[in-house]
Structure formats: structure tokens, C-alpha cells
>>> print(open('final04.cif').read())   # mmCIF, C-alpha atoms
data_my_file
loop_
_atom_site.label_atom_id
_atom_site.label_comp_id
_atom_site.auth_asym_id
_atom_site.auth_seq_id
_atom_site.Cartn_x
_atom_site.Cartn_y
_atom_site.Cartn_z
CA MET A 299 20.98 -1.40 17.25
CA LEU A 300 18.64 -1.81 14.28
CA ARG A 301 15.94 -3.25 16.53
CA ALA A 302 16.24 -0.43 19.09
CA PHE A 303 15.98 2.21 16.38
CA ALA A 304 12.98 0.43 14.87
CA ARG A 305 11.13 0.41 18.19
CA LEU A 306 11.78 4.12 18.69
CA THR A 307 10.67 5.01 15.16
CA ILE A 308 7.46 2.98 15.42
CA ALA A 309 6.67 4.37 18.88
CA VAL A 310 7.03 7.94 17.62
CA GLY A 311 4.80 7.11 14.65
CA LEU A 312 2.10 5.74 16.93
CA LEU A 313 2.18 8.84 19.13
CA THR A 314 2.14 11.37 16.30
CA GLY A 315 -0.26 9.57 14.00
CA GLY A 316 2.57 8.51 11.70
CA TRP A 317 1.23 6.61 8.74
CA ALA A 318 -2.53 6.33 8.47
CA GLY A 319 -2.45 2.66 9.46
CA PHE A 320 -3.64 0.13 6.92
CA HIS A 321 -3.89 1.89 3.55
CA ALA A 322 -7.41 2.53 2.29
CA SER A 323 -7.33 -0.38 -0.12
CA SER A 324 -6.24 -2.71 2.67
CA GLN A 325 -8.94 -1.46 5.03
CA ALA A 326 -11.60 -2.34 2.47
CA SER A 327 -9.99 -5.70 1.82
CA ALA A 328 -9.86 -6.53 5.51
CA LEU A 329 -13.64 -6.64 5.62
CA GLN A 330 -13.82 -9.35 2.99
CA GLY A 331 -10.55 -11.24 3.26
CA THR A 332 -10.04 -14.81 2.10
CA PHE A 333 -7.88 -17.67 3.29
CA ILE A 334 -5.20 -19.61 1.42
CA SER A 335 -5.86 -23.28 0.70
CA VAL A 336 -2.75 -25.25 1.63
CA GLY A 337 -1.81 -28.79 0.69
CA GLY A 338 0.57 -31.43 1.94
CA GLN A 339 4.11 -31.23 3.21
CA THR A 340 6.79 -30.22 0.72
CA LEU A 341 10.52 -29.57 0.48
CA VAL A 342 11.85 -26.88 2.80
CA PRO A 343 13.82 -24.11 1.03
CA TYR A 344 17.56 -24.53 1.52
CA GLY A 345 17.84 -20.90 2.64
CA TRP A 346 15.45 -21.57 5.54
CA VAL A 347 17.32 -24.75 6.54
CA ASP A 348 20.60 -22.84 6.56
CA PHE A 349 19.06 -19.92 8.47
CA CYS A 350 17.71 -22.30 11.14
CA ALA A 351 21.14 -23.90 11.50
CA ARG A 352 22.67 -20.48 12.20
CA TYR A 353 19.75 -19.15 14.30
CA ALA A 354 18.49 -22.28 16.02
CA GLY A 355 16.35 -20.42 18.53
CA GLU A 356 14.35 -18.77 15.75
CA CYS A 357 13.08 -22.11 14.46
CA ASP A 358 12.66 -24.14 17.64
CA GLY A 359 9.38 -24.81 19.37
CA GLY A 360 8.13 -27.97 17.69
CA PRO A 361 4.44 -28.59 16.98
CA MET A 362 2.14 -25.72 18.01
CA GLN A 363 -1.57 -25.05 17.97
CA PRO A 364 -2.44 -22.88 14.92
CA LEU A 365 -3.26 -19.30 15.91
CA ASP A 366 -4.54 -16.38 13.84
CA ILE A 367 -4.09 -12.70 14.66
CA ASN A 368 -7.21 -10.94 15.90
CA ALA A 369 -7.58 -8.24 13.25
CA THR A 370 -8.30 -5.28 15.51
CA PRO A 371 -7.61 -1.75 14.20
CA LYS A 372 -4.68 -1.49 16.62
CA ALA A 373 -3.14 -4.76 15.42
CA LEU A 374 -3.57 -3.87 11.74
CA LYS A 375 -2.02 -0.45 12.29
CA LEU A 376 1.05 -1.93 13.97
CA ILE A 377 1.47 -4.53 11.21
CA ASP A 378 1.32 -1.75 8.63
CA LYS A 379 3.84 0.39 10.50
CA ILE A 380 6.37 -2.40 10.82
CA ASN A 381 5.97 -3.29 7.15
CA GLY A 382 6.51 0.34 6.15
CA TRP A 383 9.45 0.86 8.51
CA VAL A 384 11.35 -2.16 7.22
CA ASN A 385 10.68 -1.29 3.58
CA SER A 386 11.88 2.28 4.16
CA ASN A 387 14.97 1.50 6.23
CA ILE A 388 16.44 -1.53 4.47
CA THR A 389 18.16 -1.06 1.13
CA ALA A 390 17.79 -3.79 -1.47
CA LYS A 391 21.01 -5.68 -2.17
CA SER A 392 21.38 -9.14 -3.66
CA ASP A 393 22.91 -12.04 -1.77
CA LEU A 394 25.56 -12.34 -4.45
CA GLU A 395 26.63 -8.73 -3.92
CA GLN A 396 26.51 -8.96 -0.15
CA TRP A 397 27.58 -12.50 0.68
CA GLY A 398 29.05 -13.89 -2.55
CA SER A 399 26.29 -16.51 -2.39
CA VAL A 400 23.26 -16.91 -4.67
CA ASP A 401 20.81 -17.45 -1.80
CA ARG A 402 21.56 -16.70 1.85
CA TRP A 403 18.73 -15.92 4.28
CA ASP A 404 19.73 -13.59 7.11
CA TYR A 405 18.68 -10.60 9.18
CA PRO A 406 19.63 -7.33 7.42
CA THR A 407 21.47 -5.97 10.47
CA ASN A 408 23.77 -3.88 8.28
CA GLY A 409 20.82 -2.19 6.57
CA PHE A 410 21.02 -4.23 3.35
CA GLY A 411 19.19 -7.34 2.15
CA ASP A 412 16.93 -8.93 -0.42
CA CYS A 413 13.34 -10.16 -0.23
CA GLU A 414 13.71 -12.96 2.31
CA ASP A 415 15.80 -10.73 4.59
CA TYR A 416 13.01 -8.15 4.69
CA VAL A 417 10.61 -11.01 5.50
CA LEU A 418 12.76 -12.33 8.34
CA LEU A 419 13.09 -8.91 9.96
CA LYS A 420 9.36 -8.17 9.70
CA ARG A 421 8.58 -11.59 11.19
CA LYS A 422 11.03 -11.04 14.06
CA MET A 423 9.73 -7.57 14.87
CA LEU A 424 6.10 -8.69 14.81
CA ILE A 425 6.86 -11.65 17.10
CA GLU A 426 8.65 -9.30 19.50
CA GLU A 427 5.52 -7.12 19.52
CA GLY A 428 3.53 -10.13 20.76
CA PHE A 429 2.00 -11.49 17.56
CA PRO A 430 1.91 -15.32 17.36
CA ARG A 431 4.58 -16.78 15.13
CA GLN A 432 2.03 -19.33 13.88
CA ALA A 433 0.30 -16.47 12.05
CA LEU A 434 3.51 -15.05 10.51
CA LEU A 435 4.41 -17.38 7.68
CA VAL A 436 7.45 -17.09 5.42
CA THR A 437 6.10 -17.73 1.93
CA VAL A 438 7.69 -18.48 -1.46
CA VAL A 439 5.94 -17.16 -4.57
CA LYS A 440 6.65 -16.67 -8.27
CA ASP A 441 6.45 -13.15 -9.63
CA GLU A 442 5.04 -12.04 -12.99
CA GLN A 443 8.21 -13.25 -14.74
CA GLY A 444 8.16 -16.61 -12.98
CA GLU A 445 11.11 -15.65 -10.77
CA GLY A 446 11.33 -16.70 -7.13
CA HIS A 447 10.33 -14.15 -4.49
CA ALA A 448 9.65 -14.26 -0.73
CA VAL A 449 6.87 -12.48 1.16
CA LEU A 450 5.47 -12.67 4.67
CA THR A 451 1.90 -13.97 4.87
CA VAL A 452 0.00 -12.69 7.91
CA LYS A 453 -2.96 -14.88 8.84
CA THR A 454 -5.69 -12.93 10.63
CA SER A 455 -9.28 -13.39 11.68
CA LYS A 456 -10.27 -11.32 8.62
CA GLY A 457 -8.24 -13.17 6.03
CA GLU A 458 -4.62 -13.48 4.92
CA PHE A 459 -2.48 -10.52 3.95
CA VAL A 460 0.93 -10.11 2.35
CA LEU A 461 3.86 -8.00 3.53
CA ASP A 462 6.11 -7.40 0.53
CA ASN A 463 9.34 -5.44 0.15
CA LEU A 464 8.24 -4.46 -3.39
CA ASN A 465 5.01 -2.80 -2.24
CA ASP A 466 4.29 -0.74 0.87
CA ASP A 467 0.58 -1.60 0.79
CA VAL A 468 -0.47 -4.53 2.96
CA LYS A 469 -2.60 -6.46 0.46
CA ARG A 470 -4.93 -9.40 0.48
CA TRP A 471 -2.98 -12.41 -0.74
CA ASP A 472 -5.38 -12.91 -3.67
CA ARG A 473 -4.91 -9.31 -4.83
CA THR A 474 -1.20 -9.67 -5.46
CA PRO A 475 0.24 -10.58 -8.89
CA TYR A 476 1.98 -13.66 -7.52
CA ARG A 477 1.65 -17.41 -7.94
CA PHE A 478 1.86 -18.79 -4.41
CA VAL A 479 4.07 -21.89 -4.22
CA LYS A 480 4.68 -22.90 -0.59
CA ARG A 481 4.98 -21.59 2.94
CA GLN A 482 5.66 -22.54 6.54
CA SER A 483 3.14 -24.72 8.30
CA GLN A 484 1.21 -22.98 11.06
CA GLN A 485 1.88 -25.95 13.33
CA ASP A 486 5.67 -26.17 12.94
CA PRO A 487 8.03 -23.51 11.51
CA ARG A 488 10.41 -26.23 10.27
CA ILE A 489 7.72 -27.82 8.09
CA TRP A 490 6.58 -26.31 4.79
CA VAL A 491 3.38 -26.99 2.84
CA ASN A 492 2.28 -26.60 -0.77
CA ILE A 493 -0.13 -23.85 -1.84
CA GLY A 494 -2.63 -24.53 -4.61
CA ALA A 495 -1.98 -26.83 -7.56
CA PRO A 496 1.48 -28.39 -7.68
CA THR A 497 4.10 -26.29 -9.48
CA SER A 498 7.87 -26.35 -9.67
CA ALA A 499 9.43 -24.34 -6.87
CA PRO A 500 11.96 -21.63 -7.77
CA GLN A 501 15.54 -22.57 -7.00
CA MET A 502 16.07 -19.34 -5.11
CA VAL A 503 14.30 -16.18 -3.97
CA SER A 504 16.21 -13.03 -4.75
CA ARG A 505 14.12 -9.86 -5.06
#
>>> encode(input="final04.cif", output="C-alpha cells")
Amino acid sequence: MLRAFARLTIAVGLLTGGWAGFHASSQASALQGTFISVGGQTLVPYGWVDFCARYAGECDGGPMQPLDINATPKALKLIDKINGWVNSNITAKSDLEQWGSVDRWDYPTNGFGDCEDYVLLKRKMLIEEGFPRQALLVTVVKDEQGEGHAVLTVKTSKGEFVLDNLNDDVKRWDRTPYRFVKRQSQQDPRIWVNIGAPTSAPQMVSR
């Protein structure tokens, strides 16, 4: 039901002009984007392991050739619309309030979720629109207070951008306030890799 409503809302937005597409700051950034330097394999977040056990088909596929999204105006507009739709239609609610668990990753099918749930829905909707899953990478960061947070990194031909439930702007990864810790490998969604200098990973992501 949520998916069907999302498709209708986005389709109407595309026909009527909806949002303006990538926000002005993102349009400028897209012309001079940068790429994240990733390191070696690291521990997979427990929430992702548990999610894959419950949604096996979402994590299958094995090794794949890395693919980036061709950053055409049409592609960037659709990414922006999906990011905005999810942020506007899902209400923030902690895992403890919703599930009685400190960290459960799931689709927010009831309209409620926290950061990783927003990420999972955006990833699913973008894949269903034809974007390669290798370019849609679940990413763990630390916020300004050093707390764990999850965002979706979108790897394009013009750089890497972040979809964040705390900000409706689609931003260059290096223009966010976050310390990037680790993310999915482009080659295999079950493998995660370090980002930047080694740092302790947060025990949970909960914003």
C-alpha cells in the first residue's frame, strides 16, 4: 500500500513539476562532486544481518560488477523526489518505541521508523525505479555528537551524494557534518567496507 501510494505521489509530482528537482545547492555540487575513499572489509552491522535474515531476497545476488548512476537531470530529479517523499511521509519513531528493541532495521510500512528505516525504503524505491543497487549504499556515520546514524550514499558519475532523513537536501557526501564510518561494498551487499581512517563504529544507529 505504501509503495503504491508513493508511486502515485511521485508520478503526479513529475507531471505537475512538483519539487524543483535537485535543490540549487545540490545542482551546483553535482558539477564538482567527489568520491569516497573506501578501505578494507569490516564488521557488518547487526541490524543489516538481521534484516537480511528476515528479507533474504533483498540481500541476495552475490558478487556484482560495480555500477554508478549516470547523473542525468532526469535521474537526479527522481532521486530528489523519492528522498523528499520518504522524508515527508514517514514519521520518526525510535526502534525502542516501535519494536521494544534498541536497533531493528525494517521497512517503515506502518508509516513510522528511524534513520535506517528511511534508508531502506529509499533504497528499495530507487531500485524499483531501475537504479542499480550497486550504487545505492547503506552507510553508517557519526553525527556531530558522535552518535550513530544511517544515510543512503548514492554513487553517481558526478560524485557521491547523501540521502538523509534529517535533511531534505541531497548533498555531496563531503558537505555533510558527518564522520563516515563504513558502508556496503559496491560488489556485494552483504560485505561492508571501512571509510577513511579507522574509527570505532557506533553500536547502533537510531536517528
>>> residues_around(input="final04.cif", residues="Asp466 of chain A", least_positions_apart="2", cutoff="8 Å", atoms="only C-alpha atoms", output="ChimeraX atom specification")
/A:381-382,385,461-464,468
>>> residues_around(input="final04.cif", residues="Arg421 of chain A", least_positions_apart="6", cutoff="8 Å", atoms="only C-alpha atoms", output="JSON list (two decimals) with C-alpha atoms, in the frame of the given file")
[["chain", "number", "residue", "atom", "x", "y", "z"],
["A", 431, "ARG", "CA", 4.58, -16.78, 15.13],
["A", 434, "LEU", "CA", 3.51, -15.05, 10.51],
["A", 435, "LEU", "CA", 4.41, -17.38, 7.68],
["A", 450, "LEU", "CA", 5.47, -12.67, 4.67]]
>>> closest_residue(input="final04.cif", among="A:Lys422, A:Lys391, A:Lys469, A:His447", to="Pro343 of chain A", atoms="all atoms listed in the file")
A:His447
>>> residues_around(input="final04.cif", residues="Cys357 of chain A", least_positions_apart="3", cutoff="9 Å", atoms="all atoms listed in the file", output="VMD selection string")
chain A and resid 349 to 351 353 to 354 360 486 to 488
>>> atom_distance(input="final04.cif", atom1="atom CA of Glu426 of chain A", atom2="atom CA of Ser483 of chain A")
19.8 Å
>>> closest_residue(input="final04.cif", among="A:Met423, A:Leu374, A:Val438, A:Ala448", to="Thr340 of chain A", atoms="all atoms listed in the file")
A:Val438
>>> resolve_selection(input="final04.cif", expression="the PyMOL selection byres ((chain A and resi 407-413) around 9)", output="JSON, numbers by chain")
{"A": [299, 300, 301, 387, 388, 389, 390, 391, 392, 393, 396, 403, 404, 405, 406, 414, 415, 416, 417, 418, 419, 447, 448, 449, 462, 463, 464, 503, 504, 505]}
>>> atom_distance(input="final04.cif", atom1="atom CA of Val479 of chain A", atom2="atom CA of Asp358 of chain A")
23.6 Å
>>> closest_residue(input="final04.cif", among="A:Gly345, A:Gly457, A:Pro371, A:Gly359", to="Thr332 of chain A", atoms="only C-alpha atoms")
A:Gly457
>>> resolve_selection(input="final04.cif", expression="the PyMOL selection byres ((chain A and resi 452) around 6)", output="compact mmCIF listing (two decimals) with C-alpha atoms, in the frame of the given file")
# COMPACT_ATOMS: atom_id res chain seq x y z
CA ALA A 433 0.30 -16.47 12.05
CA LEU A 434 3.51 -15.05 10.51
CA THR A 451 1.90 -13.97 4.87
CA LYS A 453 -2.96 -14.88 8.84
CA GLU A 458 -4.62 -13.48 4.92
CA PHE A 459 -2.48 -10.52 3.95
>>> resolve_selection(input="final04.cif", expression="the PyMOL selection byres ((chain A and resi 368) around 6)", output="number ranges by chain")
A: 367, 369-370, 454-455
>>> closest_residue(input="final04.cif", among="A:Tyr344, A:Trp383, A:Phe333, A:Phe429", to="Asp401 of chain A", atoms="all atoms listed in the file")
A:Tyr344
>>> build_atoms(input="final04.cif", residues="segment 333-360 of chain A", atoms="N, CA and C atoms", output="CSV table (one decimal), in the coordinates of the input")
chain,number,residue,atom,x,y,z
A,333,PHE,N,-8.9,-16.9,2.7
A,333,PHE,CA,-7.9,-17.7,3.3
A,333,PHE,C,-7.2,-18.6,2.2
A,334,ILE,N,-6.0,-18.8,2.4
A,334,ILE,CA,-5.2,-19.6,1.4
A,334,ILE,C,-5.5,-21.1,1.7
A,335,SER,N,-5.7,-21.8,0.6
A,335,SER,CA,-5.9,-23.3,0.7
A,335,SER,C,-4.5,-23.9,0.6
A,336,VAL,N,-4.1,-24.6,1.6
A,336,VAL,CA,-2.8,-25.2,1.6
A,336,VAL,C,-2.9,-26.8,1.5
A,337,GLY,N,-1.8,-27.4,0.9
A,337,GLY,CA,-1.8,-28.8,0.7
A,337,GLY,C,-0.9,-29.5,1.6
A,338,GLY,N,-0.3,-30.6,1.1
A,338,GLY,CA,0.6,-31.4,1.9
A,338,GLY,C,2.0,-30.9,2.1
A,339,GLN,N,2.7,-31.6,2.9
A,339,GLN,CA,4.1,-31.2,3.2
A,339,GLN,C,5.0,-31.3,2.0
A,340,THR,N,5.9,-30.3,1.9
A,340,THR,CA,6.8,-30.2,0.7
A,340,THR,C,8.2,-29.9,1.2
A,341,LEU,N,9.1,-29.8,0.2
A,341,LEU,CA,10.5,-29.6,0.5
A,341,LEU,C,10.7,-28.2,1.1
A,342,VAL,N,11.5,-28.1,2.1
A,342,VAL,CA,11.8,-26.9,2.8
A,342,VAL,C,12.9,-26.2,2.0
A,343,PRO,N,12.8,-24.9,1.7
A,343,PRO,CA,13.8,-24.1,1.0
A,343,PRO,C,15.2,-24.2,1.7
A,344,TYR,N,16.2,-24.4,0.9
A,344,TYR,CA,17.6,-24.5,1.5
A,344,TYR,C,17.9,-23.3,2.4
A,345,GLY,N,17.5,-22.1,1.9
A,345,GLY,CA,17.8,-20.9,2.6
A,345,GLY,C,17.3,-20.9,4.0
A,346,TRP,N,16.1,-21.5,4.2
A,346,TRP,CA,15.4,-21.6,5.5
A,346,TRP,C,16.2,-22.6,6.4
A,347,VAL,N,16.6,-23.7,5.8
A,347,VAL,CA,17.3,-24.8,6.5
A,347,VAL,C,18.6,-24.2,7.1
A,348,ASP,N,19.3,-23.4,6.2
A,348,ASP,CA,20.6,-22.8,6.6
A,348,ASP,C,20.4,-21.8,7.6
A,349,PHE,N,19.4,-21.0,7.5
A,349,PHE,CA,19.1,-19.9,8.5
A,349,PHE,C,18.8,-20.6,9.8
A,350,CYS,N,18.0,-21.6,9.9
A,350,CYS,CA,17.7,-22.3,11.1
A,350,CYS,C,19.0,-22.9,11.8
A,351,ALA,N,19.9,-23.4,11.0
A,351,ALA,CA,21.1,-23.9,11.5
A,351,ALA,C,22.0,-22.8,12.2
A,352,ARG,N,21.9,-21.6,11.6
A,352,ARG,CA,22.7,-20.5,12.2
A,352,ARG,C,21.9,-19.7,13.3
A,353,TYR,N,20.6,-19.8,13.3
A,353,TYR,CA,19.8,-19.2,14.3
A,353,TYR,C,18.8,-20.2,14.9
A,354,ALA,N,19.3,-21.1,15.6
A,354,ALA,CA,18.5,-22.3,16.0
A,354,ALA,C,17.3,-21.8,16.8
A,355,GLY,N,17.4,-20.9,17.7
A,355,GLY,CA,16.4,-20.4,18.5
A,355,GLY,C,15.2,-19.8,17.8
A,356,GLU,N,15.4,-19.4,16.5
A,356,GLU,CA,14.4,-18.8,15.8
A,356,GLU,C,13.4,-19.8,15.2
A,357,CYS,N,13.8,-21.0,15.1
A,357,CYS,CA,13.1,-22.1,14.5
A,357,CYS,C,12.6,-23.2,15.4
A,358,ASP,N,13.0,-23.1,16.7
A,358,ASP,CA,12.7,-24.1,17.6
A,358,ASP,C,11.2,-24.0,18.1
A,359,GLY,N,10.7,-24.9,18.8
A,359,GLY,CA,9.4,-24.8,19.4
A,359,GLY,C,8.5,-26.0,19.1
A,360,GLY,N,8.9,-26.7,18.0
A,360,GLY,CA,8.1,-28.0,17.7
A,360,GLY,C,6.7,-27.7,17.3
